[in-house]
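Q: Input structure: upload_26.cif, which contains mmCIF, C-alpha atoms.
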data_model
loop_
_atom_site.label_atom_id
_atom_site.label_comp_id
_atom_site.auth_asym_id
_atom_site.auth_seq_id
_atom_site.Cartn_x
_atom_site.Cartn_y
_atom_site.Cartn_z
CA ALA A 1 100.08 13.32 48.58
CA LYS A 2 98.72 9.77 48.91
CA ASP A 3 96.25 10.93 51.55
CA ALA A 4 95.18 13.83 49.35
CA ALA A 5 94.66 11.48 46.38
CA ARG A 6 92.72 9.07 48.54
CA VAL A 7 90.56 11.91 49.94
CA GLU A 8 89.96 13.18 46.40
CA ALA A 9 89.03 9.68 45.21
CA GLU A 10 86.73 9.22 48.17
CA LEU A 11 85.19 12.64 47.55
CA ALA A 12 84.69 11.79 43.86
CA LYS A 13 83.11 8.48 44.87
CA ARG A 14 80.73 10.23 47.31
CA GLN A 15 79.80 12.79 44.67
CA SER A 16 79.21 10.00 42.20
CA ASP A 17 77.08 8.12 44.76
CA ARG A 18 75.08 11.30 45.47
CA ARG A 19 74.59 11.91 41.76
CA ARG A 20 73.43 8.31 41.26
CA ALA A 21 71.10 8.59 44.28
CA ALA A 22 69.69 11.89 42.93
CA GLU A 23 69.21 10.31 39.49
CA GLN A 24 67.52 7.30 41.10
CA GLN A 25 65.21 9.59 43.11
CA GLN A 26 64.39 11.54 39.92
CA ARG A 27 63.59 8.29 38.09
CA GLU A 28 61.34 7.23 40.98
CA ARG A 29 59.56 10.62 40.95
CA ASP A 30 59.14 10.36 37.16
CA ARG A 31 57.80 6.83 37.54
CA ALA A 32 55.39 7.95 40.29
CA THR A 33 54.24 10.90 38.15
CA LYS A 34 53.66 8.59 35.17
CA GLU A 35 51.75 6.15 37.39
CA GLU A 36 49.57 8.97 38.76
CA GLU A 37 48.88 10.19 35.22
CA ARG A 38 48.00 6.65 34.11
CA ALA A 39 45.67 6.22 37.10
CA ARG A 40 44.04 9.61 36.37
CA ARG A 41 43.50 8.70 32.70
CA GLN A 42 42.13 5.30 33.72
CA ALA A 43 39.70 6.96 36.15
CA GLU A 44 38.59 9.42 33.45
CA THR A 45 38.12 6.54 31.00
CA GLU A 46 36.04 4.62 33.56
CA ALA A 47 33.91 7.71 34.26
CA LEU A 48 33.32 8.19 30.53
CA ARG A 49 32.45 4.50 30.13
CA GLN A 50 29.93 4.70 32.97
CA GLU A 51 28.43 7.87 31.52
CA ALA A 52 28.16 6.20 28.10
CA GLU A 53 26.46 3.16 29.65
CA SER A 54 24.07 5.41 31.56
CA ARG A 55 23.19 7.40 28.45
CA THR A 56 22.81 4.23 26.42
CA ALA A 57 20.41 2.83 29.02
CA GLU A 58 18.49 6.12 29.06
CA ILE A 59 18.19 6.14 25.27
CA GLY A 60 17.17 2.48 25.35
CA ALA A 61 14.41 3.33 27.82
CA HIS A 62 13.18 6.13 25.55
CA LEU A 63 13.23 3.78 22.57
CA ASP A 64 11.33 1.15 24.53
CA GLU A 65 8.74 3.72 25.53
CA LEU A 66 8.31 4.92 21.94
CA ASP A 67 8.18 1.34 20.70
CA ALA A 68 5.51 0.57 23.28
CA VAL A 69 3.43 3.46 21.96
CA LEU A 70 3.55 1.95 18.49
CA ARG A 71 2.78 -1.54 19.73
CA ARG A 72 -0.05 -0.54 22.08
CA ARG A 73 -1.83 1.79 19.72
CA PRO A 74 -5.48 1.00 19.43
CA VAL A 75 -6.34 -1.90 17.18
CA GLY A 76 -9.79 -2.85 16.08
CA LEU A 77 -11.00 0.69 15.59
CA GLU A 78 -13.72 -0.76 13.37
CA ARG A 79 -15.47 -1.82 16.61
CA TRP A 80 -15.92 1.85 17.40
CA HIS A 81 -17.65 2.53 14.07
CA SER A 82 -21.03 1.16 15.19
CA LYS A 83 -20.74 2.93 18.53
CA MET A 84 -20.06 6.21 16.73
CA GLU A 85 -23.06 5.68 14.47
CA ARG A 86 -25.35 4.92 17.42
CA GLN A 87 -24.04 7.89 19.40
CA PHE A 88 -24.44 10.21 16.41
CA ALA A 89 -27.96 8.96 15.79
CA SER A 90 -28.98 9.42 19.43
CA GLU A 91 -27.07 12.53 20.50
CA GLY A 92 -26.01 14.16 17.26
CA PRO A 93 -22.62 15.83 16.62
CA ALA A 94 -21.87 16.25 20.34
CA GLY A 95 -22.33 12.51 20.92
CA LEU A 96 -20.00 11.66 18.07
CA ALA A 97 -17.40 14.09 19.47
CA ASP A 98 -17.74 12.44 22.91
CA VAL A 99 -17.02 8.99 21.46
CA ILE A 100 -13.95 10.31 19.63
CA GLU A 101 -12.67 12.09 22.75
CA ASN A 102 -13.17 8.88 24.74
CA LEU A 103 -11.15 6.98 22.14
CA LEU A 104 -8.40 9.59 22.29
CA ARG A 105 -8.27 9.36 26.10
CA ARG A 106 -7.89 5.58 25.88
CA SER A 107 -5.06 5.81 23.35
CA PRO A 108 -1.74 5.12 25.08
CA VAL A 109 0.94 7.80 24.76
CA PRO A 110 4.22 8.38 26.61
CA SER A 111 4.00 10.51 29.71
CA GLY A 112 4.02 14.22 28.99
CA CYS A 113 3.00 13.81 25.36
CA ARG A 114 -0.67 14.73 25.61
CA ASP A 115 -2.33 16.64 28.42
CA ARG A 116 -5.67 17.03 26.72
CA ALA A 117 -7.45 16.23 23.50
CA GLY A 118 -10.78 17.39 22.19
CA ALA A 119 -12.99 16.58 19.23
CA GLY A 120 -15.85 18.22 17.41
CA TYR A 121 -17.99 17.26 14.43
CA ALA A 122 -19.21 19.71 11.80
CA PRO A 123 -22.17 18.03 10.04
CA GLU A 124 -22.35 20.66 7.27
CA SER A 125 -18.85 19.72 6.05
CA ALA A 126 -18.99 16.13 7.37
CA GLN A 127 -15.62 16.65 9.06
CA VAL A 128 -14.31 15.77 12.48
CA LEU A 129 -12.01 18.32 14.06
CA ILE A 130 -9.56 16.85 16.56
CA GLU A 131 -7.58 19.19 18.77
CA VAL A 132 -4.53 17.69 20.50
CA ASP A 133 -1.86 19.46 22.50
CA LEU A 134 1.57 18.59 21.14
CA PRO A 135 4.36 17.73 23.59
CA ALA A 136 6.88 20.33 24.65
CA LEU A 137 10.19 20.40 22.83
CA GLU A 138 12.11 18.92 25.78
CA ILE A 139 9.97 15.77 25.61
CA VAL A 140 10.45 15.17 21.87
CA PRO A 141 13.78 13.43 21.17
CA PRO A 142 16.13 15.67 19.16
CA VAL A 143 16.59 12.99 16.49
#
Is it possible to give me this structure as C-alpha coordinates?
A:
Amino acid sequence: AKDAARVEAELAKRQSDRRRAAEQQQRERDRATKEEERARRQAETEALRQEAESRTAEIGAHLDELDAVLRRRPVGLERWHSKMERQFASEGPAGLADVIENLLRRSPVPSGCRDRAGAGYAPESAQVLIEVDLPALEIVPPV
(Lines of atoms letter the chains of each structure in order from A and count residues from 1; the text may use other names and numbers.)
(Lines give C-alpha, C1' and ligand atoms only; values in the text may rest on other atoms or scores of the structure.)
Protein backbone atom coordinates (compact mmCIF):
# COMPACT_ATOMS: atom_id res chain seq x y z
CA ALA A 1 0.00 0.00 0.00
CA LYS A 2 2.88 2.34 0.87
CA ASP A 3 4.54 1.60 -2.46
CA ALA A 4 1.27 2.22 -4.28
CA ALA A 5 0.80 5.55 -2.48
CA ARG A 6 4.37 6.53 -3.24
CA VAL A 7 3.96 5.56 -6.92
CA GLU A 8 0.70 7.54 -7.06
CA ALA A 9 2.37 10.56 -5.44
CA GLU A 10 5.29 10.30 -7.82
CA LEU A 11 2.91 9.95 -10.76
CA ALA A 12 0.94 13.00 -9.57
CA LYS A 13 4.19 14.93 -9.21
CA ARG A 14 5.30 13.97 -12.74
CA GLN A 15 1.90 14.94 -14.15
CA SER A 16 2.10 18.22 -12.28
CA ASP A 17 5.64 18.81 -13.61
CA ARG A 18 4.48 18.01 -17.15
CA ARG A 19 1.52 20.35 -16.79
CA ARG A 20 3.80 23.12 -15.49
CA ALA A 21 6.27 22.48 -18.32
CA ALA A 22 3.42 22.57 -20.89
CA GLU A 23 2.10 25.81 -19.35
CA GLN A 24 5.62 27.28 -19.41
CA GLN A 25 6.04 26.28 -23.08
CA GLN A 26 2.63 27.83 -23.88
CA ARG A 27 3.64 31.06 -22.11
CA GLU A 28 6.90 31.11 -24.09
CA ARG A 29 5.01 30.55 -27.37
CA ASP A 30 2.56 33.32 -26.43
CA ARG A 31 5.47 35.61 -25.57
CA ALA A 32 7.21 34.78 -28.87
CA THR A 33 3.96 35.39 -30.79
CA LYS A 34 3.49 38.74 -29.05
CA GLU A 35 7.10 39.68 -29.79
CA GLU A 36 6.69 38.76 -33.47
CA GLU A 37 3.49 40.81 -33.65
CA ARG A 38 5.22 43.77 -31.99
CA ALA A 39 8.15 43.50 -34.41
CA ARG A 40 5.74 43.28 -37.38
CA ARG A 41 3.82 46.37 -36.20
CA GLN A 42 7.10 48.21 -35.61
CA ALA A 43 8.27 47.33 -39.14
CA GLU A 44 4.94 48.51 -40.60
CA THR A 45 5.19 51.74 -38.61
CA GLU A 46 8.74 52.31 -39.86
CA ALA A 47 7.66 51.65 -43.47
CA LEU A 48 4.78 54.13 -43.09
CA ARG A 49 7.13 56.70 -41.55
CA GLN A 50 9.58 56.34 -44.43
CA GLU A 51 6.76 56.60 -46.96
CA ALA A 52 5.47 59.74 -45.21
CA GLU A 53 8.96 61.27 -45.25
CA SER A 54 9.36 60.41 -48.93
CA ARG A 55 5.99 61.93 -49.82
CA THR A 56 6.72 64.99 -47.71
CA ALA A 57 10.03 65.47 -49.52
CA GLU A 58 8.29 64.99 -52.88
CA ILE A 59 5.62 67.56 -52.00
CA GLY A 60 8.32 69.92 -50.74
CA ALA A 61 10.13 69.60 -54.07
CA HIS A 62 6.90 70.41 -55.93
CA LEU A 63 6.31 73.41 -53.69
CA ASP A 64 9.87 74.61 -54.23
CA GLU A 65 9.44 74.28 -57.98
CA LEU A 66 6.16 76.21 -57.93
CA ASP A 67 7.67 78.82 -55.63
CA ALA A 68 10.60 79.18 -58.00
CA VAL A 69 8.19 79.86 -60.85
CA LEU A 70 6.68 82.71 -58.88
CA ARG A 71 10.05 84.09 -57.85
CA ARG A 72 11.67 83.83 -61.29
CA ARG A 73 8.82 85.25 -63.30
CA PRO A 74 9.92 88.03 -65.56
CA VAL A 75 10.41 91.37 -63.91
CA GLY A 76 10.99 94.62 -65.70
CA LEU A 77 8.56 93.93 -68.49
CA GLU A 78 8.51 97.67 -69.11
CA ARG A 79 11.91 97.20 -70.81
CA TRP A 80 10.14 95.17 -73.47
CA HIS A 81 7.68 98.00 -74.20
CA SER A 82 10.11 99.98 -76.36
CA LYS A 83 11.27 96.84 -78.12
CA MET A 84 7.66 95.97 -78.93
CA GLU A 85 7.03 99.46 -80.27
CA ARG A 86 10.14 99.35 -82.47
CA GLN A 87 9.31 95.86 -83.73
CA PHE A 88 5.72 96.86 -84.48
CA ALA A 89 6.86 99.98 -86.29
CA SER A 90 9.39 98.07 -88.41
CA GLU A 91 7.68 94.72 -89.02
CA GLY A 92 4.05 95.34 -88.18
CA PRO A 93 1.75 92.88 -86.33
CA ALA A 94 3.98 89.87 -87.09
CA GLY A 95 6.98 91.61 -85.49
CA LEU A 96 5.00 92.42 -82.37
CA ALA A 97 3.83 88.79 -82.17
CA ASP A 98 7.47 87.63 -82.50
CA VAL A 99 8.56 89.79 -79.57
CA ILE A 100 5.72 88.45 -77.41
CA GLU A 101 6.50 84.84 -78.36
CA ASN A 102 10.16 85.46 -77.51
CA LEU A 103 9.12 86.81 -74.12
CA LEU A 104 6.91 83.78 -73.53
CA ARG A 105 9.76 81.41 -74.42
CA ARG A 106 12.03 83.17 -71.91
CA SER A 107 9.45 82.95 -69.12
CA PRO A 108 10.44 80.19 -66.69
CA VAL A 109 7.86 77.47 -66.06
CA PRO A 110 8.09 74.04 -64.41
CA SER A 111 8.96 71.17 -66.70
CA GLY A 112 5.98 69.81 -68.58
CA CYS A 113 3.86 72.91 -68.07
CA ARG A 114 4.22 74.51 -71.48
CA ASP A 115 5.33 72.82 -74.67
CA ARG A 116 4.56 75.71 -76.95
CA ALA A 117 3.17 79.20 -76.92
CA GLY A 118 2.18 81.47 -79.75
CA ALA A 119 1.06 85.07 -80.12
CA GLY A 120 -0.71 87.14 -82.72
CA TYR A 121 -1.76 90.78 -82.94
CA ALA A 122 -5.01 91.98 -84.49
CA PRO A 123 -4.52 95.69 -85.30
CA GLU A 124 -8.21 96.26 -86.11
CA SER A 125 -9.21 95.39 -82.53
CA ALA A 126 -5.86 96.39 -80.99
CA GLN A 127 -5.71 93.03 -79.19
CA VAL A 128 -2.95 90.52 -78.69
CA LEU A 129 -4.01 86.89 -78.83
CA ILE A 130 -1.76 84.55 -76.86
CA GLU A 131 -2.16 80.82 -77.31
CA VAL A 132 -0.57 78.63 -74.63
CA ASP A 133 -0.89 74.88 -74.17
CA LEU A 134 -2.03 74.11 -70.64
CA PRO A 135 -0.30 71.30 -68.72
CA ALA A 136 -1.80 67.84 -68.58
CA LEU A 137 -3.86 66.96 -65.53
CA GLU A 138 -1.18 64.66 -64.08
CA ILE A 139 1.25 67.60 -63.89
CA VAL A 140 -1.14 69.96 -62.08
CA PRO A 141 -1.21 69.25 -58.33
CA PRO A 142 -4.64 68.01 -57.20
CA VAL A 143 -4.87 70.72 -54.54
Q: I need the residue set behind the PyMOL selection byres ((chain A and resi 117-131) around 7) for this file; please write it as a PDB file with C-alpha atoms, in the coordinates of the input.
A:
ATOM      1  CA  PRO A  93     -22.620  15.830  16.620  1.00  0.00           C
ATOM      2  CA  ALA A  94     -21.870  16.250  20.340  1.00  0.00           C
ATOM      3  CA  LEU A  96     -20.000  11.660  18.070  1.00  0.00           C
ATOM      4  CA  ALA A  97     -17.400  14.090  19.470  1.00  0.00           C
ATOM      5  CA  ILE A 100     -13.950  10.310  19.630  1.00  0.00           C
ATOM      6  CA  GLU A 101     -12.670  12.090  22.750  1.00  0.00           C
ATOM      7  CA  LEU A 104      -8.400   9.590  22.290  1.00  0.00           C
ATOM      8  CA  ARG A 116      -5.670  17.030  26.720  1.00  0.00           C
ATOM      9  CA  VAL A 132      -4.530  17.690  20.500  1.00  0.00           C
ATOM     10  CA  ASP A 133      -1.860  19.460  22.500  1.00  0.00           C
TER      11      ASP A 133
END
Q: Which value, in Å to one decimal, gives the distance between atom CA of A:Ala136 and atom CA of A:Gln50?
A: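 Pair atom CA of A:Ala136 / atom CA of A:Gln50 returns 29.1 Å.
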Q: Enter the distance from atom CA of A:Ala68 to atom CA of A:Arg105, in Å, rounded to one decimal.
A: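 Those two atoms sit 16.6 Å apart.
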Q: So how many Å separate atom CA of A:Ala39 and atom CA of A:Glu51, to one decimal?
A: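 It comes out at 18.2 Å.
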Q: Taking 2 positions as the minimum chain separation for residues in the same chain, which residues sit within 12 Å of A:Lys83 when counting only C-alpha atoms? Answer as a list of chain:residue names.
A: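 Here the answer would be A:Leu77, A:Glu78, A:Arg79, A:Trp80, A:His81, A:Glu85, A:Arg86, A:Gln87, A:Phe88, A:Ala89, A:Ser90, A:Glu91, A:Gly95, A:Leu96, A:Ala97, A:Asp98, A:Val99, A:Ile100, A:Asn102, A:Leu103.
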Q: I need the residue nearest A:Asp67 from this list: A:Glu8, A:Val109, A:Ser16, A:Glu23. Use only C-alpha atoms for the distance.
A: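 The shortest atom-to-atom distance to A:Asp67 comes from A:Val109.
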Q: If I only have part of stretch 120-131 of chain A, can you fill in all heavy atoms and write it as a short mmCIF file (atom, residue, chain, number, x, y, z; two decimals), keeping the file's coordinate frame?
A:
data_model
loop_
_atom_site.label_atom_id
_atom_site.label_comp_id
_atom_site.auth_asym_id
_atom_site.auth_seq_id
_atom_site.Cartn_x
_atom_site.Cartn_y
_atom_site.Cartn_z
N GLY A 120 -14.58 17.61 17.79
CA GLY A 120 -15.85 18.22 17.41
C GLY A 120 -16.23 17.75 16.01
O GLY A 120 -15.35 17.43 15.21
N TYR A 121 -17.53 17.71 15.75
CA TYR A 121 -17.99 17.26 14.43
C TYR A 121 -18.81 18.38 13.80
O TYR A 121 -19.72 18.94 14.43
CB TYR A 121 -18.83 15.99 14.57
CG TYR A 121 -19.40 15.51 13.25
CD1 TYR A 121 -18.56 15.02 12.26
CD2 TYR A 121 -20.76 15.58 13.01
CE1 TYR A 121 -19.08 14.59 11.05
CE2 TYR A 121 -21.29 15.14 11.79
CZ TYR A 121 -20.44 14.65 10.81
OH TYR A 121 -20.94 14.24 9.63
N ALA A 122 -18.47 18.70 12.55
CA ALA A 122 -19.21 19.71 11.80
C ALA A 122 -20.03 18.98 10.75
O ALA A 122 -19.50 18.56 9.72
CB ALA A 122 -18.24 20.69 11.15
N PRO A 123 -21.35 18.80 10.98
CA PRO A 123 -22.17 18.03 10.04
C PRO A 123 -22.26 18.66 8.65
O PRO A 123 -22.34 17.95 7.66
CB PRO A 123 -23.54 17.98 10.71
CG PRO A 123 -23.48 18.77 11.94
CD PRO A 123 -22.10 19.25 12.14
N GLU A 124 -22.23 20.01 8.58
CA GLU A 124 -22.35 20.66 7.27
C GLU A 124 -21.20 20.31 6.34
O GLU A 124 -21.37 20.20 5.14
CB GLU A 124 -22.49 22.19 7.41
CG GLU A 124 -21.36 22.88 8.12
CD GLU A 124 -21.47 22.84 9.65
OE1 GLU A 124 -22.50 22.40 10.19
OE2 GLU A 124 -20.49 23.24 10.29
N SER A 125 -20.00 20.11 6.89
CA SER A 125 -18.85 19.72 6.05
C SER A 125 -18.53 18.24 6.20
O SER A 125 -17.62 17.75 5.54
CB SER A 125 -17.62 20.56 6.41
OG SER A 125 -17.25 20.31 7.75
N ALA A 126 -19.23 17.55 7.08
CA ALA A 126 -18.99 16.13 7.37
C ALA A 126 -17.54 15.88 7.76
O ALA A 126 -16.90 14.94 7.33
CB ALA A 126 -19.40 15.26 6.19
N GLN A 127 -17.01 16.76 8.62
CA GLN A 127 -15.62 16.65 9.06
C GLN A 127 -15.54 16.60 10.58
O GLN A 127 -16.33 17.26 11.27
CB GLN A 127 -14.78 17.84 8.56
CG GLN A 127 -14.59 17.85 7.06
CD GLN A 127 -13.71 19.01 6.64
OE1 GLN A 127 -13.45 19.94 7.38
NE2 GLN A 127 -13.24 18.93 5.41
N VAL A 128 -14.59 15.84 11.05
CA VAL A 128 -14.31 15.77 12.48
C VAL A 128 -13.06 16.59 12.73
O VAL A 128 -12.04 16.43 12.05
CB VAL A 128 -14.08 14.31 12.94
CG1 VAL A 128 -13.64 14.28 14.39
CG2 VAL A 128 -15.32 13.48 12.73
N LEU A 129 -13.15 17.50 13.68
CA LEU A 129 -12.01 18.32 14.06
C LEU A 129 -11.47 17.76 15.37
O LEU A 129 -12.20 17.65 16.36
CB LEU A 129 -12.42 19.78 14.24
CG LEU A 129 -11.35 20.70 14.81
CD1 LEU A 129 -10.19 20.83 13.82
CD2 LEU A 129 -11.94 22.04 15.16
N ILE A 130 -10.20 17.38 15.36
CA ILE A 130 -9.56 16.85 16.56
C ILE A 130 -8.48 17.83 16.98
O ILE A 130 -7.61 18.18 16.19
CB ILE A 130 -8.96 15.45 16.32
CG1 ILE A 130 -10.08 14.47 15.94
CG2 ILE A 130 -8.20 14.97 17.55
CD1 ILE A 130 -9.60 13.10 15.59
N GLU A 131 -8.55 18.25 18.23
CA GLU A 131 -7.58 19.19 18.77
C GLU A 131 -6.76 18.47 19.83
O GLU A 131 -7.29 17.98 20.82
CB GLU A 131 -8.30 20.39 19.39
CG GLU A 131 -7.38 21.47 19.87
CD GLU A 131 -8.15 22.64 20.45
OE1 GLU A 131 -9.29 22.90 20.01
OE2 GLU A 131 -7.62 23.29 21.36
#
